[in-house]
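Novice: Contents of protein.cif (mmCIF, C-alpha atoms) are below:
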```cif
data_model
loop_
_atom_site.label_atom_id
_atom_site.label_comp_id
_atom_site.auth_asym_id
_atom_site.auth_seq_id
_atom_site.Cartn_x
_atom_site.Cartn_y
_atom_site.Cartn_z
CA MET A 210 -76.68 134.29 -162.34
CA SER A 211 -80.39 133.96 -163.09
CA SER A 212 -81.31 135.66 -159.79
CA PHE A 213 -78.94 138.53 -160.55
CA LEU A 214 -80.42 139.04 -164.02
CA ARG A 215 -83.99 138.90 -162.66
CA THR A 216 -82.97 141.46 -160.06
CA LEU A 217 -81.69 143.70 -162.88
CA GLU A 218 -85.08 143.40 -164.58
CA VAL A 219 -86.99 144.38 -161.45
CA LEU A 220 -84.49 147.12 -160.53
CA SER A 221 -84.46 148.72 -163.97
CA LEU A 222 -88.25 148.79 -164.20
CA SER A 223 -88.52 150.08 -160.61
CA LEU A 224 -86.03 152.87 -161.25
CA TRP A 225 -87.91 153.96 -164.37
CA LEU A 226 -91.30 153.87 -162.66
CA GLY A 227 -89.96 155.64 -159.58
CA SER A 228 -88.38 158.43 -161.60
CA ASP A 229 -91.57 158.90 -163.60
CA VAL A 230 -93.74 159.06 -160.47
CA PHE A 231 -91.30 161.42 -158.74
CA LEU A 232 -91.09 163.79 -161.71
CA SER A 233 -94.83 163.78 -162.34
CA PHE A 234 -96.05 164.15 -158.78
CA VAL A 235 -93.20 165.92 -156.96
CA VAL A 236 -90.77 167.77 -159.26
CA ALA A 237 -93.22 169.26 -161.78
CA PRO A 238 -95.85 170.47 -159.29
CA GLY A 239 -93.11 171.65 -156.93
CA ALA A 240 -91.33 173.63 -159.63
CA PHE A 241 -94.53 175.41 -160.64
CA HIS A 242 -95.37 176.09 -157.00
CA VAL A 243 -91.97 177.28 -155.76
CA LEU A 244 -90.24 179.03 -158.66
CA ALA A 245 -90.86 182.68 -159.47
CA SER A 246 -92.16 182.21 -163.01
CA ARG A 247 -93.77 179.58 -165.20
CA ASP A 248 -90.84 179.95 -167.60
CA GLN A 249 -88.35 178.98 -164.86
CA ALA A 250 -90.53 176.08 -163.75
CA GLY A 251 -90.92 174.89 -167.35
CA ALA A 252 -87.15 175.01 -167.82
CA VAL A 253 -86.59 172.88 -164.71
CA VAL A 254 -89.27 170.38 -165.70
CA GLY A 255 -88.00 170.23 -169.31
CA TYR A 256 -84.45 169.61 -168.13
CA SER A 257 -85.62 166.92 -165.70
CA LEU A 258 -87.92 165.31 -168.26
CA THR A 259 -85.09 164.94 -170.79
CA ARG A 260 -82.89 163.21 -168.21
CA MET A 261 -85.76 161.00 -167.10
CA HIS A 262 -86.54 160.02 -170.69
CA LEU A 263 -82.93 159.13 -171.47
CA GLY A 264 -82.57 157.26 -168.17
CA GLY A 265 -85.84 155.44 -168.83
CA ILE A 266 -84.74 154.33 -172.28
CA LEU A 267 -81.48 153.08 -170.74
CA CYS A 268 -83.41 151.23 -168.00
CA GLY A 269 -85.62 149.66 -170.64
CA MET A 270 -82.60 148.45 -172.60
CA VAL A 271 -81.05 147.01 -169.42
CA PHE A 272 -84.34 145.24 -168.69
CA LEU A 273 -84.51 143.71 -172.16
CA MET A 274 -80.85 142.65 -172.18
CA ALA A 275 -81.11 141.08 -168.72
CA ARG A 276 -84.24 139.26 -169.81
CA LEU A 277 -82.58 137.92 -172.94
CA LEU A 278 -79.48 136.80 -171.05
CA ARG A 279 -81.59 135.17 -168.33
CA THR A 280 -84.01 133.30 -170.61
CA ARG A 281 -81.66 132.74 -173.57
CA THR A 282 -84.55 133.04 -176.00
CA LEU A 283 -86.09 135.83 -178.02
CA ALA A 284 -89.49 134.32 -177.22
CA SER A 285 -89.25 136.01 -173.80
CA TYR A 286 -89.77 139.31 -175.63
CA GLY A 287 -93.30 138.11 -176.41
CA THR A 288 -94.30 138.13 -172.73
CA ALA A 289 -96.42 140.86 -171.17
CA PRO A 290 -93.56 142.49 -169.21
CA ALA A 291 -91.27 142.67 -172.23
CA LEU A 292 -94.02 143.95 -174.54
CA CYS A 293 -94.87 146.64 -171.99
CA LEU A 294 -91.20 147.66 -171.80
CA LEU A 295 -90.97 147.81 -175.57
CA ALA A 296 -94.06 150.04 -175.61
CA MET A 297 -92.56 152.22 -172.86
CA ILE A 298 -89.33 152.65 -174.85
CA LEU A 299 -91.24 153.46 -178.04
CA LEU A 300 -93.56 155.99 -176.34
CA THR A 301 -90.69 157.62 -174.46
CA THR A 302 -88.59 157.90 -177.61
CA LEU A 303 -91.55 159.43 -179.44
CA SER A 304 -92.13 161.88 -176.60
CA GLN A 305 -88.51 162.93 -176.26
CA PHE A 306 -87.45 163.22 -179.87
CA THR A 307 -90.64 164.53 -181.46
CA VAL A 308 -93.03 166.10 -178.95
CA SER A 309 -90.50 167.55 -176.48
CA ALA A 310 -88.23 168.65 -179.32
CA ARG A 311 -91.08 170.52 -181.00
CA MET A 312 -92.11 172.08 -177.67
CA ALA A 313 -88.53 173.35 -177.18
CA VAL A 314 -88.61 175.00 -180.61
CA LEU A 315 -91.95 176.67 -179.83
CA ARG A 316 -90.69 177.79 -176.42
CA ALA A 317 -87.67 179.41 -178.08
CA GLN A 318 -89.87 181.11 -180.70
CA MET A 319 -92.16 182.55 -178.01
CA GLY A 320 -89.28 183.69 -175.81
CA SER A 321 -91.52 183.51 -172.76
CA ILE A 322 -94.53 181.27 -172.44
CA GLN A 323 -95.77 183.33 -169.52
CA ALA A 324 -95.62 186.57 -171.54
CA THR A 325 -97.15 185.12 -174.71
CA GLU A 326 -100.63 186.38 -175.54
CA PRO A 327 -103.37 183.80 -174.79
CA GLY A 328 -104.62 183.80 -178.42
CA SER A 329 -101.18 183.14 -179.93
CA PRO A 330 -101.06 180.28 -182.46
CA LEU A 331 -97.64 179.32 -181.07
CA LEU A 332 -99.07 179.04 -177.57
CA ALA A 333 -101.99 177.00 -178.91
CA GLN A 334 -99.55 174.57 -180.58
CA PHE A 335 -97.47 174.40 -177.40
CA THR A 336 -100.56 173.68 -175.29
CA LYS A 337 -101.66 170.93 -177.67
CA LEU A 338 -98.20 169.34 -177.60
CA HIS A 339 -98.13 169.60 -173.82
CA GLY A 340 -101.36 167.60 -173.70
CA ILE A 341 -99.85 164.98 -176.00
CA SER A 342 -96.74 164.87 -173.80
CA VAL A 343 -98.83 164.30 -170.67
CA ALA A 344 -100.83 161.56 -172.45
CA LEU A 345 -97.65 159.81 -173.60
CA GLU A 346 -96.13 160.01 -170.11
CA SER A 347 -99.36 158.65 -168.61
CA ALA A 348 -99.30 155.75 -171.08
CA VAL A 349 -95.67 155.01 -170.16
CA LEU A 350 -96.57 155.01 -166.48
CA LEU A 351 -99.58 152.74 -167.04
CA ALA A 352 -97.53 150.33 -169.17
CA GLY A 353 -94.90 150.31 -166.44
CA PHE A 354 -97.44 149.38 -163.77
CA VAL A 355 -98.81 146.61 -165.98
CA ALA A 356 -95.26 145.37 -166.65
CA MET A 357 -94.49 145.34 -162.92
CA TYR A 358 -97.70 143.44 -162.18
CA TYR A 359 -96.86 140.72 -164.68
CA LEU A 360 -93.18 140.72 -163.81
CA VAL A 361 -93.78 139.94 -160.15
CA ARG A 362 -96.23 137.19 -161.12
CA GLU A 363 -93.70 135.43 -163.33
CA ARG A 364 -91.76 132.49 -162.05
CA SER A 365 -88.08 133.32 -161.77
CA SER A 366 -87.31 130.28 -163.93
CA LEU A 367 -88.99 131.71 -167.05
CA ASN A 368 -87.60 129.98 -170.13
#
```
Before anything else, please render the file you have as structure tokens.
Specialist:
Amino acid sequence: MSSFLRTLEVLSLSLWLGSDVFLSFVVAPGAFHVLASRDQAGAVVGYSLTRMHLGGILCGMVFLMARLLRTRTLASYGTAPALCLLAMILLTTLSQFTVSARMAVLRAQMGSIQATEPGSPLLAQFTKLHGISVALESAVLLAGFVAMYYLVRERSSLN
């Protein structure tokens, strides 16, 4: 059972990291390169980002539950991998339910980001929030890499 639970930890973290890398380096650039307008590309990326965030939070919860069941102690949440996962969940939740939510409101107010005048205060707010979103996603990715590093170094008999 311990091997199965450890596998769930590695799998859940790997799925989250893989989805983040794929969205950041394949889906987002591809959407802006292939689609006819920035508004269409933004809609695709926004849709994908929401699903990735929700899936990531779920993966993080699976990781933490598997870890608790495997180690049978809350002290395992004080280890580097678990602390990184907690940070990833917190940052992702912040990004999804505050930053992305506010960006969606601004996008609706502008109607079209592409057609919005460059000096628009709404566009300036959107651009600032986009930068915050990218920084949060980068921090999640970095925390995930750190978590994976420490996770693979752990002995499978962590107690």
Novice: Take the PyMOL selection byres ((chain A and resi 358) around 12), run it mentally on this structure, and tell me the resulting residues as a PyMOL selection string.
Specialist: chain A and resi 219+222-223+289-291+293+351-357+359-363
Novice: With a distance cut-off of 12 Å and all atoms listed in the file, select the neighbouring residues of A:Arg215, excluding the residue or stretch itself and same-chain residues fewer than 2 positions from it, and output the selection as a list in words.
Specialist: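 After dropping sequence-adjacent residues, the list is Met210, Ser211, Ser212, Phe213, Leu217, Glu218, Val219, Leu220, Ser221, Leu222, Val271, Phe272, Leu273, Met274, Ala275, Arg276, Leu277, Leu278, Arg279, Thr280, Leu360, Val361, Glu363, Arg364, Ser365, Ser366 and Leu367 of chain A.
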Novice: Which protein, DNA or RNA residues are at most 9 Å from (-95.5, 185.0, -167.1) in the file's coordinates when you count only C-alpha atoms, listed as an mmCIF file with C-alpha atoms, in the coordinates of the input?
Specialist:
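So result.cif came out as:
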```
data_model
loop_
_atom_site.group_PDB
_atom_site.id
_atom_site.type_symbol
_atom_site.label_atom_id
_atom_site.label_comp_id
_atom_site.auth_asym_id
_atom_site.auth_seq_id
_atom_site.Cartn_x
_atom_site.Cartn_y
_atom_site.Cartn_z
ATOM 1 C CA SER A 246 -92.160 182.210 -163.010
ATOM 2 C CA ARG A 247 -93.770 179.580 -165.200
ATOM 3 C CA ASP A 248 -90.840 179.950 -167.600
ATOM 4 C CA SER A 321 -91.520 183.510 -172.760
ATOM 5 C CA ILE A 322 -94.530 181.270 -172.440
ATOM 6 C CA GLN A 323 -95.770 183.330 -169.520
ATOM 7 C CA ALA A 324 -95.620 186.570 -171.540
ATOM 8 C CA THR A 325 -97.150 185.120 -174.710
#
```
Novice: What is the atom CA of A:Leu315 to atom CA of A:Ser329 distance in Å?
Specialist: 11.3 Å
Novice: Could you list, as a PyMOL selection string, every residue within 8 Å of A:Gly269, counting all atoms listed in the file and ignoring same-chain residues fewer than 5 positions away?
Specialist: chain A and resi 221-222+225+294-295+297-298
Novice: For the selection just defined, write its residues with C-alpha atoms to a file, as a PDB file, keeping the file's coordinate frame.
Specialist:
```pdb
ATOM      1  CA  SER A 221     -84.460 148.720-163.970  1.00  0.00           C
ATOM      2  CA  LEU A 222     -88.250 148.790-164.200  1.00  0.00           C
ATOM      3  CA  TRP A 225     -87.910 153.960-164.370  1.00  0.00           C
ATOM      4  CA  LEU A 294     -91.200 147.660-171.800  1.00  0.00           C
ATOM      5  CA  LEU A 295     -90.970 147.810-175.570  1.00  0.00           C
ATOM      6  CA  MET A 297     -92.560 152.220-172.860  1.00  0.00           C
ATOM      7  CA  ILE A 298     -89.330 152.650-174.850  1.00  0.00           C
TER       8      ILE A 298
END
```
Novice: Can you list, as an mmCIF file with C-alpha atoms, keeping the file's coordinate frame, every protein, DNA or RNA residue that comes within 12 Å of A:Gly255 when you count only C-alpha atoms, leaving out same-chain residues fewer than 2 positions away?
Specialist:
```cif
data_model
loop_
_atom_site.group_PDB
_atom_site.id
_atom_site.type_symbol
_atom_site.label_atom_id
_atom_site.label_comp_id
_atom_site.auth_asym_id
_atom_site.auth_seq_id
_atom_site.Cartn_x
_atom_site.Cartn_y
_atom_site.Cartn_z
ATOM 1 C CA LEU A 232 -91.090 163.790 -161.710
ATOM 2 C CA SER A 233 -94.830 163.780 -162.340
ATOM 3 C CA VAL A 236 -90.770 167.770 -159.260
ATOM 4 C CA ALA A 237 -93.220 169.260 -161.780
ATOM 5 C CA ALA A 240 -91.330 173.630 -159.630
ATOM 6 C CA ARG A 247 -93.770 179.580 -165.200
ATOM 7 C CA ASP A 248 -90.840 179.950 -167.600
ATOM 8 C CA GLN A 249 -88.350 178.980 -164.860
ATOM 9 C CA ALA A 250 -90.530 176.080 -163.750
ATOM 10 C CA GLY A 251 -90.920 174.890 -167.350
ATOM 11 C CA ALA A 252 -87.150 175.010 -167.820
ATOM 12 C CA VAL A 253 -86.590 172.880 -164.710
ATOM 13 C CA SER A 257 -85.620 166.920 -165.700
ATOM 14 C CA LEU A 258 -87.920 165.310 -168.260
ATOM 15 C CA THR A 259 -85.090 164.940 -170.790
ATOM 16 C CA ARG A 260 -82.890 163.210 -168.210
ATOM 17 C CA MET A 261 -85.760 161.000 -167.100
ATOM 18 C CA HIS A 262 -86.540 160.020 -170.690
ATOM 19 C CA SER A 304 -92.130 161.880 -176.600
ATOM 20 C CA GLN A 305 -88.510 162.930 -176.260
ATOM 21 C CA VAL A 308 -93.030 166.100 -178.950
ATOM 22 C CA SER A 309 -90.500 167.550 -176.480
ATOM 23 C CA ALA A 310 -88.230 168.650 -179.320
ATOM 24 C CA MET A 312 -92.110 172.080 -177.670
ATOM 25 C CA ALA A 313 -88.530 173.350 -177.180
ATOM 26 C CA ARG A 316 -90.690 177.790 -176.420
ATOM 27 C CA HIS A 339 -98.130 169.600 -173.820
ATOM 28 C CA SER A 342 -96.740 164.870 -173.800
#
```
Novice: What does the structure give for the distance between atom CA of A:Thr216 and atom CA of A:Gly287, in Å to one decimal?
Specialist: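 We find that atom CA of A:Thr216 and atom CA of A:Gly287 lie 19.6 Å from each other.
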Novice: Atom CA of A:Thr336 and atom CA of A:Phe231, how far apart in Å?
Specialist: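 Between atom CA of A:Phe231 and atom CA of A:Thr336 the gap is 22.6 Å.
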Novice: Given 6 Å on each side, where is the centre and what are the edge lengths in Å to one decimal of the axis-aligned box enclosing the listed atoms of stretch 295-307 of chain A, as JSON?
Specialist:
```
{"center_x": -90.8, "center_y": 156.2, "center_z": -177.2, "size_x": 18.6, "size_y": 28.7, "size_z": 20.6}
```
Novice: Taking the partial coordinates given, rebuild stretch 274-290 of chain A to contain N, CA and C atoms; return it as an mmCIF file, keeping the file's coordinate frame.
Specialist:
```cif
data_model
loop_
_atom_site.group_PDB
_atom_site.id
_atom_site.type_symbol
_atom_site.label_atom_id
_atom_site.label_comp_id
_atom_site.auth_asym_id
_atom_site.auth_seq_id
_atom_site.Cartn_x
_atom_site.Cartn_y
_atom_site.Cartn_z
ATOM 1 N N MET A 274 -82.091 143.431 -172.091
ATOM 2 C CA MET A 274 -80.850 142.650 -172.180
ATOM 3 C C MET A 274 -80.780 141.617 -171.063
ATOM 4 N N ALA A 275 -81.128 142.022 -169.842
ATOM 5 C CA ALA A 275 -81.110 141.080 -168.720
ATOM 6 C C ALA A 275 -82.081 139.943 -168.968
ATOM 7 N N ARG A 276 -83.225 140.280 -169.521
ATOM 8 C CA ARG A 276 -84.240 139.260 -169.810
ATOM 9 C C ARG A 276 -83.741 138.272 -170.854
ATOM 10 N N LEU A 277 -83.109 138.784 -171.889
ATOM 11 C CA LEU A 277 -82.580 137.920 -172.940
ATOM 12 C C LEU A 277 -81.463 137.020 -172.399
ATOM 13 N N LEU A 278 -80.564 137.593 -171.626
ATOM 14 C CA LEU A 278 -79.480 136.800 -171.050
ATOM 15 C C LEU A 278 -79.999 135.747 -170.077
ATOM 16 N N ARG A 279 -81.037 136.096 -169.330
ATOM 17 C CA ARG A 279 -81.590 135.170 -168.330
ATOM 18 C C ARG A 279 -82.350 134.028 -168.996
ATOM 19 N N THR A 280 -83.148 134.321 -169.997
ATOM 20 C CA THR A 280 -84.010 133.300 -170.610
ATOM 21 C C THR A 280 -83.348 132.599 -171.790
ATOM 22 N N ARG A 281 -82.395 133.280 -172.404
ATOM 23 C CA ARG A 281 -81.660 132.740 -173.570
ATOM 24 C C ARG A 281 -82.562 132.436 -174.752
ATOM 25 N N THR A 282 -83.647 133.209 -174.858
ATOM 26 C CA THR A 282 -84.550 133.040 -176.000
ATOM 27 C C THR A 282 -85.251 134.364 -176.316
ATOM 28 N N LEU A 283 -85.369 134.631 -177.595
ATOM 29 C CA LEU A 283 -86.090 135.830 -178.020
ATOM 30 C C LEU A 283 -87.578 135.733 -177.736
ATOM 31 N N ALA A 284 -88.062 134.516 -177.516
ATOM 32 C CA ALA A 284 -89.490 134.320 -177.220
ATOM 33 C C ALA A 284 -89.883 135.057 -175.933
ATOM 34 N N SER A 285 -88.924 135.296 -175.040
ATOM 35 C CA SER A 285 -89.250 136.010 -173.800
ATOM 36 C C SER A 285 -89.651 137.456 -174.073
ATOM 37 N N TYR A 286 -89.349 137.957 -175.260
ATOM 38 C CA TYR A 286 -89.770 139.310 -175.630
ATOM 39 C C TYR A 286 -91.251 139.348 -175.997
ATOM 40 N N GLY A 287 -91.878 138.180 -176.122
ATOM 41 C CA GLY A 287 -93.300 138.110 -176.410
ATOM 42 C C GLY A 287 -94.164 138.044 -175.162
ATOM 43 N N THR A 288 -93.551 138.158 -173.993
ATOM 44 C CA THR A 288 -94.300 138.130 -172.730
ATOM 45 C C THR A 288 -94.812 139.524 -172.398
ATOM 46 N N ALA A 289 -95.812 139.568 -171.530
ATOM 47 C CA ALA A 289 -96.420 140.860 -171.170
ATOM 48 C C ALA A 289 -95.396 141.866 -170.629
ATOM 49 N N PRO A 290 -94.511 141.486 -169.698
ATOM 50 C CA PRO A 290 -93.560 142.490 -169.210
ATOM 51 C C PRO A 290 -92.674 143.059 -170.316
#
```
